[in-house]
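In what follows, a structure is listed as structure tokens, so that the remarks can point back to it.
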Amino acid sequence: MRSTRKSRHVIVAAVGAAALVGGLSGCGGDANASEHDVIKVMTWAPEEGSAGSAAGMPALATAIAKQVNDTGGLQGHQLQVVTCDEQNTPVGAAACATEAANQKVAAVVGSYSQFAGTFMPILETAGIPYIGGFGLSPQEFTSPYSYPVNGGYQALLAGNGEQLAESGCHRVAVIRPQSKGGDTMLGFLNAGLSTKQITAVDIPVDQGRTDYTTEAGRAIGADLPHSCVTTALDPASTATFYDDYRRLSPTNTQLSAIIGSFQQSLVDSTGGDTGPLRSALATGWYPPDDSPVWNALHAAVKQYAFTDNRINTADPGEQTTWIAFEVLRKAVSEVNGPVTGSALKAALDASAPINTGGQTPPLSWRDSDLLPLASAPRLVNTKVTFQQVRVGALTEEKTGLVDVRSILLQP
């Protein structure tokens with residue numbers, strides 16, 4: 001049994017100091033560096049409560065800073081991470097962005113917020129790049145100050161549609177948020193399903209409810225073979241929906257979701273291989289947690305944050321944060337002179353593709369690498385992973401990254 005199913009930390013064999021660096025070390029630095037030798041960045045996320053909580057992201061950012069500074073810093077600079085509780089509200093997001101501006105951080109890195117429409121204008125005015133957000137808002141894929149490392153819900157839904165079509169679904173019902181953002185989700189899912197001429201049964205719901213029995217019944221329908229249900233809700237609402245779905249005891253319907261709606265922790269808490277998520281399909285941004293591409297992340301957490309139960313290396317938020325700091329490391333290495341927001345932005349705009357070791361395809365935000373998609377021109381990572389719950393664990397259903405670029409660019 002994999003240790004991630006027993007603990008929020010992945011225990012891995014000890015590795016050498018070079019591996020622990022995980023690509024984040026720079027040239028030698030002075031532990032007693034002056035303020036001018038410090039690169040200050042911010043990582044924010046909602047840190048309290050269960051709905052929308054992503055406390056592991058700032059926790060991991062803090063651990064990464066310890067690792068970086070313990071192994072020489074970034075190009076001779078010490079790394080200082082300032083964290084902020086975004087509170088999962090527009091007011092909280094604006095407050096964190098304002099604090100970032102007041103503290104003159106060089107970048108906001110590996111953060112989570114649904115409210116880019118609120119915080120991005122503040123960062124833009126302050127000249128602060130936003131590296132590796134979670135991809136929840138359209139502005140993360142339109143602002144010239146945003147550098148997303150994943151394909152957001154757009155790529156996930158397009159990929160999920162393709163995965164369900166390839167798995168033999170003839171009918172697909174989607175449970176998605178009843179919101180403006182949720183309305184756009186349906187089009188991306190249908191684009192993926194169109195590879196097999198399938199159109200989804202649309203079931204929009206308000207997130208945060210305590211009962212979805214009626215909607216679960218509609219999703220299951222006649223419970224015929226080749227019927228499938230997929231979810232694109234927040235984790236707490238998804239868990240509630242699955243509980244109501246389980247009580248209806250369907251026998252033929254195939255469950256599915258996009259990663260972020262359910263993760264390994266939900267598979268564990270609902271009974272693993274004997275629970276309702278047995279054999280469930282999932283579309284994710286990155287390889288599953290047991291992939292060797294995450295060995296450096298696991299080792300860093302083991303050494304620098306082993307007792308911090310907020311961190312879950314299987315969580316796509318923490319994985320996004322890890323990748324975002326690798327992007328920061330690369331950008332810093334290409335800055336000549338003070339590492340400021342404008343200097344980092346210039347470096348990122350001109351950088352050759354950044355290799356993340358298989359966690360994503362090489363990432364580049366040069367004009368020639370941007371996706372010609374009017375609604376998401378900053379989307380540069382069009383690859384996803386197809387996963388499935390097997391023996392109680394999320395594993396690859398299809399080996400490697402799957403490119404959904406052609407689906408996203410459908411007219």
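Numbering starts fresh at 1 for the residues of each chain in the structure tokens, the chains themselves are lettered A, B, ... in the order given, and ligands are numbered from 1 as they appear.
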Give me, as a VMD selection string, the residues of range 183-366 of chain A that a backbone DSSP run labels alpha helix (DSSP H).
chain A and resid 183 to 193 213 to 220 235 to 247 264 to 269 295 to 304 316 to 333 341 to 350
Would you mind listing what lies within 8 Å of Pro361 in chain A as number ranges by chain, with only C-alpha atoms counted and same-chain residues fewer than 6 positions away left out?
A: 355, 381, 383
Can you spit out the residues from that selection as a PDB file, in the first residue's frame, using N, CA, C and O atoms?
ATOM      1  N   ASN A 355      12.265  23.544 -18.641  1.00  0.00           N
ATOM      2  CA  ASN A 355      12.065  22.112 -18.453  1.00  0.00           C
ATOM      3  C   ASN A 355      11.722  21.838 -16.996  1.00  0.00           C
ATOM      4  O   ASN A 355      12.460  22.219 -16.089  1.00  0.00           O
ATOM      5  N   ASN A 381       0.268  25.542 -21.504  1.00  0.00           N
ATOM      6  CA  ASN A 381       0.347  24.110 -21.203  1.00  0.00           C
ATOM      7  C   ASN A 381      -0.977  23.464 -21.571  1.00  0.00           C
ATOM      8  O   ASN A 381      -1.965  23.585 -20.851  1.00  0.00           O
ATOM      9  N   LYS A 383      -1.411  20.181 -22.033  1.00  0.00           N
ATOM     10  CA  LYS A 383      -1.342  18.744 -21.790  1.00  0.00           C
ATOM     11  C   LYS A 383      -1.954  18.372 -20.444  1.00  0.00           C
ATOM     12  O   LYS A 383      -1.855  19.117 -19.468  1.00  0.00           O
TER      13      LYS A 383
END
Please provide the set of residues having any atom within 12 Å of Phe188 in chain A, restricted to only C-alpha atoms, with same-chain residues fewer than 6 positions apart removed, written as a PyMOL selection string.
chain A and resi 151-162+174+181-182+194+199-200+232+375+404-411
Resulting file, chosen residues, C-alpha atoms, as a short mmCIF file (atom, residue, chain, number, x, y, z; two decimals), in the first residue's frame:
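Full text of selection.cif as output:
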data_model
loop_
_atom_site.label_atom_id
_atom_site.label_comp_id
_atom_site.auth_asym_id
_atom_site.auth_seq_id
_atom_site.Cartn_x
_atom_site.Cartn_y
_atom_site.Cartn_z
CA GLY A 151 -4.07 24.61 -18.54
CA GLY A 152 -6.74 25.56 -16.01
CA TYR A 153 -10.22 24.13 -16.09
CA GLN A 154 -10.24 24.61 -19.86
CA ALA A 155 -7.67 21.87 -20.47
CA LEU A 156 -9.11 19.65 -17.73
CA LEU A 157 -12.64 19.70 -19.16
CA ALA A 158 -11.48 19.23 -22.75
CA GLY A 159 -9.31 16.34 -21.63
CA ASN A 160 -12.04 14.84 -19.48
CA GLY A 161 -14.38 14.83 -22.45
CA GLU A 162 -11.79 13.04 -24.56
CA VAL A 174 -21.84 16.72 -15.94
CA GLY A 181 -17.53 30.29 -15.03
CA GLY A 182 -19.48 27.06 -14.86
CA SER A 194 -17.25 15.63 -29.76
CA THR A 199 -23.12 16.02 -26.04
CA ALA A 200 -23.19 16.22 -22.25
CA ALA A 232 -16.43 19.77 -11.88
CA SER A 375 -10.43 33.51 -24.31
CA VAL A 404 -5.62 18.62 -25.93
CA ARG A 405 -4.43 21.63 -27.95
CA SER A 406 -6.45 20.67 -31.04
CA ILE A 407 -9.61 20.31 -28.93
CA LEU A 408 -9.11 23.71 -27.27
CA LEU A 409 -8.66 25.33 -30.68
CA GLN A 410 -11.81 23.86 -32.19
CA PRO A 411 -13.92 26.55 -33.87
#
Range 81-92 of chain A: which residues within 8 Å, counting only C-alpha atoms, same-chain residues fewer than 4 positions away excluded, as a VMD selection string?
chain A and resid 40 to 48 52 to 53 58 61 to 62 65 96 113 to 115 118 to 119
Name all residues at most 8 Å from Asp37 in chain A (count only C-alpha atoms; drop same-chain ones fewer than 5 positions away) and give them as an NGL selection string.
:A and (76-78)
Residues as selected, all heavy atoms, written as an mmCIF file, in the first residue's frame, can you do that?
data_model
loop_
_atom_site.group_PDB
_atom_site.id
_atom_site.type_symbol
_atom_site.label_atom_id
_atom_site.label_comp_id
_atom_site.auth_asym_id
_atom_site.auth_seq_id
_atom_site.Cartn_x
_atom_site.Cartn_y
_atom_site.Cartn_z
ATOM 1 N N GLY A 76 22.747 33.266 -5.538
ATOM 2 C CA GLY A 76 23.419 34.025 -4.498
ATOM 3 C C GLY A 76 22.493 34.853 -3.631
ATOM 4 O O GLY A 76 22.946 35.510 -2.698
ATOM 5 N N HIS A 77 21.203 34.844 -3.924
ATOM 6 C CA HIS A 77 20.216 35.589 -3.142
ATOM 7 C C HIS A 77 19.494 34.654 -2.177
ATOM 8 O O HIS A 77 19.151 33.529 -2.538
ATOM 9 C CB HIS A 77 19.170 36.237 -4.046
ATOM 10 C CG HIS A 77 19.723 37.197 -5.048
ATOM 11 N ND1 HIS A 77 19.974 38.521 -4.756
ATOM 12 C CD2 HIS A 77 20.064 37.018 -6.350
ATOM 13 C CE1 HIS A 77 20.441 39.125 -5.840
ATOM 14 N NE2 HIS A 77 20.519 38.230 -6.814
ATOM 15 N N GLN A 78 19.234 35.129 -0.981
ATOM 16 C CA GLN A 78 18.345 34.402 -0.082
ATOM 17 C C GLN A 78 16.901 34.604 -0.546
ATOM 18 O O GLN A 78 16.549 35.647 -1.110
ATOM 19 C CB GLN A 78 18.503 34.913 1.353
ATOM 20 C CG GLN A 78 19.865 34.591 1.967
ATOM 21 C CD GLN A 78 19.989 33.117 2.322
ATOM 22 O OE1 GLN A 78 19.396 32.645 3.274
ATOM 23 N NE2 GLN A 78 20.767 32.384 1.547
#
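Proximity ranking of A:Tyr112, A:Trp294, A:Phe386, A:Tyr304 relative to Thr356 in chain A places A:Trp294 first, based on only C-alpha atoms.
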Identify which of the residues A:Thr321, A:Ser167, A:Asn336, A:Ser146 lies closest to Tyr130 in chain A, counting only C-alpha atoms when measuring atom-to-atom distances.
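Selected residue with least distance to Tyr130 in chain A: A:Ser146.
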Can you pull out every residue within 9 Å of Pro129 in chain A, counting only C-alpha atoms, but drop anything in the same chain fewer than 4 positions away, and send it as a ChimeraX atom specification?
/A:106-109,123-124,144-147,341-342,344-345
Keeping only C-alpha atoms, write the selected residues to a file as a CSV table (one decimal), in the first residue's frame.
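Here's the written file again39.csv:
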chain,number,residue,atom,x,y,z
A,106,ALA,CA,9.2,40.5,-6.8
A,107,ALA,CA,6.5,38.0,-7.7
A,108,VAL,CA,3.4,36.2,-6.4
A,109,VAL,CA,4.3,32.5,-6.8
A,123,LEU,CA,-0.6,43.3,-9.3
A,124,GLU,CA,-0.5,44.8,-12.8
A,144,PRO,CA,0.2,39.8,-19.5
A,145,TYR,CA,1.4,39.6,-15.9
A,146,SER,CA,0.2,36.1,-15.4
A,147,TYR,CA,2.4,33.0,-16.1
A,341,GLY,CA,9.1,42.4,-10.6
A,342,SER,CA,9.9,44.1,-13.9
A,344,LEU,CA,11.4,38.9,-13.7
A,345,LYS,CA,8.7,39.8,-16.1
As a PyMOL selection string, which residues of range 178-376 of chain A does DSSP assign to strand (DSSP E or B)?
chain A and resi 201-205+227-231+254-259+262+281-284+354+363
Let me see the file: selected residues, C-alpha atoms, as a compact mmCIF listing (two decimals), in the first residue's frame.
# COMPACT_ATOMS: atom_id res chain seq x y z
CA VAL A 201 -26.35 16.29 -20.15
CA ASP A 202 -25.85 19.58 -18.31
CA ILE A 203 -26.71 19.66 -14.59
CA PRO A 204 -25.68 23.02 -13.07
CA VAL A 205 -25.82 23.26 -9.27
CA SER A 227 -23.61 5.82 -18.85
CA CYS A 228 -21.11 8.18 -17.22
CA VAL A 229 -21.23 11.00 -14.68
CA THR A 230 -18.47 13.57 -14.28
CA THR A 231 -18.07 16.35 -11.73
CA GLN A 254 -19.19 5.14 -14.53
CA LEU A 255 -18.00 7.94 -12.23
CA SER A 256 -15.47 10.54 -13.32
CA ALA A 257 -14.16 13.96 -12.29
CA ILE A 258 -11.52 16.52 -13.00
CA ILE A 259 -8.63 16.57 -10.54
CA PHE A 262 -11.57 14.80 -6.15
CA LEU A 281 -11.80 8.10 -13.98
CA ALA A 282 -10.06 11.43 -13.49
CA THR A 283 -8.36 14.00 -15.68
CA GLY A 284 -5.45 15.87 -14.09
CA ILE A 354 11.61 25.84 -19.04
CA LEU A 363 6.92 26.06 -20.38
Residues at most 12 Å from Ala374 in chain A, counting only C-alpha atoms, excluding those fewer than 2 positions away in the same chain, as a PDB file with N, CA and C atoms, in the first residue's frame?
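Result file is out.pdb:
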ATOM      1  N   PRO A 138     -10.628  33.454 -15.478  1.00  0.00           N
ATOM      2  CA  PRO A 138     -10.235  33.789 -16.845  1.00  0.00           C
ATOM      3  C   PRO A 138      -9.045  34.746 -16.924  1.00  0.00           C
ATOM      4  N   GLN A 139      -8.964  35.687 -15.968  1.00  0.00           N
ATOM      5  CA  GLN A 139      -7.893  36.684 -16.022  1.00  0.00           C
ATOM      6  C   GLN A 139      -6.512  36.063 -15.869  1.00  0.00           C
ATOM      7  N   PHE A 141      -5.510  33.711 -17.508  1.00  0.00           N
ATOM      8  CA  PHE A 141      -5.124  33.291 -18.852  1.00  0.00           C
ATOM      9  C   PHE A 141      -5.213  34.432 -19.868  1.00  0.00           C
ATOM     10  N   THR A 142      -5.395  35.660 -19.366  1.00  0.00           N
ATOM     11  CA  THR A 142      -5.443  36.820 -20.254  1.00  0.00           C
ATOM     12  C   THR A 142      -4.462  37.911 -19.855  1.00  0.00           C
ATOM     13  N   LEU A 370       2.518  31.286 -27.221  1.00  0.00           N
ATOM     14  CA  LEU A 370       1.194  31.478 -26.641  1.00  0.00           C
ATOM     15  C   LEU A 370       0.130  30.815 -27.509  1.00  0.00           C
ATOM     16  N   LEU A 371      -0.906  30.299 -26.858  1.00  0.00           N
ATOM     17  CA  LEU A 371      -1.989  29.615 -27.562  1.00  0.00           C
ATOM     18  C   LEU A 371      -2.868  30.641 -28.276  1.00  0.00           C
ATOM     19  N   PRO A 372      -3.131  30.470 -29.558  1.00  0.00           N
ATOM     20  CA  PRO A 372      -3.995  31.422 -30.271  1.00  0.00           C
ATOM     21  C   PRO A 372      -5.469  31.204 -29.935  1.00  0.00           C
ATOM     22  N   ALA A 376      -8.188  32.642 -23.810  1.00  0.00           N
ATOM     23  CA  ALA A 376      -7.105  32.238 -22.909  1.00  0.00           C
ATOM     24  C   ALA A 376      -5.755  32.324 -23.617  1.00  0.00           C
ATOM     25  N   PRO A 377      -5.340  33.514 -24.040  1.00  0.00           N
ATOM     26  CA  PRO A 377      -4.083  33.626 -24.794  1.00  0.00           C
ATOM     27  C   PRO A 377      -2.833  33.331 -23.983  1.00  0.00           C
ATOM     28  N   ARG A 378      -2.923  33.317 -22.629  1.00  0.00           N
ATOM     29  CA  ARG A 378      -1.756  33.015 -21.802  1.00  0.00           C
ATOM     30  C   ARG A 378      -1.644  31.533 -21.493  1.00  0.00           C
ATOM     31  N   LEU A 379      -2.529  30.726 -22.019  1.00  0.00           N
ATOM     32  CA  LEU A 379      -2.509  29.288 -21.773  1.00  0.00           C
ATOM     33  C   LEU A 379      -1.415  28.673 -22.650  1.00  0.00           C
ATOM     34  N   LEU A 408      -8.934  22.345 -27.764  1.00  0.00           N
ATOM     35  CA  LEU A 408      -9.105  23.708 -27.275  1.00  0.00           C
ATOM     36  C   LEU A 408      -9.261  24.703 -28.420  1.00  0.00           C
ATOM     37  N   LEU A 409      -8.639  24.401 -29.548  1.00  0.00           N
ATOM     38  CA  LEU A 409      -8.660  25.326 -30.681  1.00  0.00           C
ATOM     39  C   LEU A 409      -9.774  25.028 -31.669  1.00  0.00           C
ATOM     40  N   GLN A 410     -10.696  24.129 -31.306  1.00  0.00           N
ATOM     41  CA  GLN A 410     -11.814  23.856 -32.188  1.00  0.00           C
ATOM     42  C   GLN A 410     -12.634  25.130 -32.406  1.00  0.00           C
ATOM     43  N   PRO A 411     -13.110  25.366 -33.628  1.00  0.00           N
ATOM     44  CA  PRO A 411     -13.919  26.555 -33.872  1.00  0.00           C
ATOM     45  C   PRO A 411     -15.254  26.497 -33.145  1.00  0.00           C
TER      46      PRO A 411
END
May I ask which of the residues A:Ser261, A:Ser111, A:Thr125, A:Gln387 is the closest one to Gln163 in chain A, counting only C-alpha atoms?
A:Gln387
